[in-house]
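Engineer: If you scroll down you'll find the structure; I have some questions about it.
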Amino acid sequence: MSAGSGHHSLMGGAPHQVPGPRTQGAATGGQPLSATANQFVDKIDPFSKRGTSRRRRIVNSSRYHAENEPELIQLPLIKDTPANDQPALVLQKLAQCQKIFDFYDPVAQLKSKELVYELFLRFLESPDFQASIGKKYIDQRFVLNLLDLFDSEDPRERDFLKTVLHRIYGKFLGLRAFIRKQINNMFLSFVYETDSFNGVGELLEILGSIINGFALPLKQEHKVFLVKVLLPLHKPKCLSLYHAQLAYCVVQFIEKDSSLTPQVFDALLKFWPRTCSSKEVMFLGEVEEILDIIEPEQFKKIIDPLFRQLAKCVSSPHFQVAERALYFWNNEYILSLIEDTSAQVMPIMFPALYRISKEHWNQTIVALVYNVLKTFMEMNGKLFDELTSTYKMERQKERKREKDREDLWKRLEQLELNPPDANNPPRIFPNTPLTQFIQPRPSSTSSSTKEGEKKKTVRAIAVVELALL
């Protein structure tokens, strides 16, 4: 029996005909090439063998999948069958069990997986299920294998796995700490090593319900999990795939223990995106969710870093980022927190808002900024007037500095065009002679070298004065 026929007899298909040796085509009348000729062809085209083998594999694969697989016929239940017909029915069922499913095809064979998951779920949810007996089979090794399946690319399978793992977590108390630890390890590996894992969202959904059941006060290990594992999940580029579940977990922690608010905001500012506007919009949405449930005492602790970041977002040239930040003032609860702390918030936000109202390219953003400025004026009119006058004075000083800088550059250009006179050096600093900055040179130095050194010194002093403006 040939290799090809033996291979396909195991598959249940027709024997595969192995292609004959290569021919030269019309030039040789279709006759097989000799070994020497084959070697010569390989030298001319070294990739010919590789291409042929690749084509063979493709043909084999297509022929295998093209086979007509036997259809499964729904057979009656054994208990509903007469006793005389039961042996034959059992044989028919056993024959159907010989069908081999290709579990690597997520679309074609998902129904078979659904049967397995549904059967296992009913087994776990059965009122007759005893965890003391089941722990002999559902152990740590079983859980590890189950967690590995969460990397499946099929979201339907991951949804089944999520339900199964949640049931195991509820039934087997001895496995709870182990499950949390292994999920921590998978998240850390995802953030700092692989940057690729499909089941992050589903695992976060499970953790959301677990966090919701944490007893108060929170254990130290749970706080460490928040800071060291959950918050770094804001770092990966694929945050959009699981951000909703992650934000829910973070909010659950703050609802359990409001003292964690400063730590959460420090981490968010640490991982705040600098170049990805879509991630920045997601971060702003999460911040608003946190502010919706924050306590006034904790809000006062984060005013300075929070609103400095909001001022940067409002000033963003990307209109979606600026718009999302300005929508904070449409939230009634956040607006009440700002009103109670307007003396701290307004000095931080006012310069950015005033500048945007004059310079931003998007008219929608300008209109939103005017609404925020109007709200500030209604909150604290006296402080608003003081900030307005202070800002205008600062702008005047800034314009004066810009004018002085331009004048200094013009003077520097004049020095470049007209070299300084050694006997009458110019004074860049009005009250200090230039000779004070010139170090004496040995007498052997030529006069041309001295002139060059003086010229360089004049330029250096001008640059220093420019930096001091």
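Simple scheme: letters A, B, ... for chains in structure tokens order, numbers from 1 for residues in each chain, numbers from 1 for ligands in the order shown.
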Need to verify the contact set: range 313-316 of chain A, 12 Å, only C-alpha atoms, exclusion of same-chain residues closer than 4 positions in sequence. Can you return it as a PDB file with C-alpha atoms, in the first residue's frame?

Structural biologist:
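Okay, out-v6.pdb is ready:
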ATOM      1  CA  TRP A 272      -3.254  58.513  30.778  1.00  0.00           C
ATOM      2  CA  PRO A 273      -2.854  58.239  26.976  1.00  0.00           C
ATOM      3  CA  ARG A 274      -0.770  60.916  25.279  1.00  0.00           C
ATOM      4  CA  THR A 275      -1.237  60.131  21.591  1.00  0.00           C
ATOM      5  CA  CYS A 276      -4.425  58.034  21.332  1.00  0.00           C
ATOM      6  CA  SER A 277      -7.538  60.223  21.361  1.00  0.00           C
ATOM      7  CA  GLU A 280      -8.416  59.427  26.132  1.00  0.00           C
ATOM      8  CA  VAL A 281     -12.169  59.615  25.574  1.00  0.00           C
ATOM      9  CA  PHE A 283     -10.480  57.481  30.282  1.00  0.00           C
ATOM     10  CA  LEU A 284     -12.683  60.569  30.580  1.00  0.00           C
ATOM     11  CA  LEU A 306      -7.996  65.974  38.337  1.00  0.00           C
ATOM     12  CA  PHE A 307      -8.745  69.468  37.029  1.00  0.00           C
ATOM     13  CA  ARG A 308      -5.232  70.054  35.754  1.00  0.00           C
ATOM     14  CA  GLN A 309      -5.743  67.005  33.563  1.00  0.00           C
ATOM     15  CA  GLN A 320     -13.983  64.764  20.703  1.00  0.00           C
ATOM     16  CA  VAL A 321     -11.569  64.866  23.640  1.00  0.00           C
ATOM     17  CA  ALA A 322     -12.397  68.502  24.401  1.00  0.00           C
ATOM     18  CA  GLU A 323     -16.125  67.846  24.012  1.00  0.00           C
ATOM     19  CA  ARG A 324     -16.050  64.827  26.348  1.00  0.00           C
ATOM     20  CA  ALA A 325     -14.218  66.831  29.013  1.00  0.00           C
ATOM     21  CA  LEU A 326     -16.650  69.759  28.766  1.00  0.00           C
ATOM     22  CA  TYR A 327     -19.610  67.400  29.191  1.00  0.00           C
ATOM     23  CA  PHE A 328     -18.574  66.997  32.827  1.00  0.00           C
ATOM     24  CA  TRP A 329     -20.366  70.294  33.479  1.00  0.00           C
ATOM     25  CA  ILE A 348      -7.141  75.919  37.568  1.00  0.00           C
ATOM     26  CA  MET A 349      -9.688  75.832  34.746  1.00  0.00           C
ATOM     27  CA  PHE A 350     -10.152  79.538  33.944  1.00  0.00           C
ATOM     28  CA  PRO A 351      -6.945  80.232  31.915  1.00  0.00           C
ATOM     29  CA  ALA A 352      -7.518  77.253  29.622  1.00  0.00           C
ATOM     30  CA  LEU A 353     -11.208  78.042  29.140  1.00  0.00           C
ATOM     31  CA  TYR A 354     -10.598  81.737  28.399  1.00  0.00           C
ATOM     32  CA  ARG A 355      -7.852  80.946  25.878  1.00  0.00           C
ATOM     33  CA  ILE A 356      -9.974  78.305  24.117  1.00  0.00           C
ATOM     34  CA  SER A 357     -12.904  80.707  23.826  1.00  0.00           C
ATOM     35  CA  LYS A 358     -10.679  82.938  21.663  1.00  0.00           C
ATOM     36  CA  GLU A 359      -8.538  80.434  19.782  1.00  0.00           C
ATOM     37  CA  HIS A 360     -10.225  77.029  19.289  1.00  0.00           C
ATOM     38  CA  TRP A 361     -11.026  76.048  15.705  1.00  0.00           C
ATOM     39  CA  ASN A 362     -14.266  74.173  16.466  1.00  0.00           C
ATOM     40  CA  ILE A 365     -16.289  73.570  21.511  1.00  0.00           C
ATOM     41  CA  VAL A 366     -16.299  77.363  21.740  1.00  0.00           C
ATOM     42  CA  LEU A 368     -19.569  74.700  25.224  1.00  0.00           C
ATOM     43  CA  VAL A 369     -16.721  76.727  26.733  1.00  0.00           C
ATOM     44  CA  VAL A 372     -18.924  76.649  31.282  1.00  0.00           C
TER      45      VAL A 372
END

Engineer: Would you compute the distance between CA of Leu231 in chain A and CA of His243 in chain A? Give it in Å to one decimal.

Structural biologist: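 These two atoms are separated by 11.1 Å.
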
Engineer: Would you mind telling me which residue in A:Ile183, A:Ala311, A:Leu260, A:Cys238 lies nearest to Ser278 in chain A when using only C-alpha atoms?

Structural biologist: A:Cys238
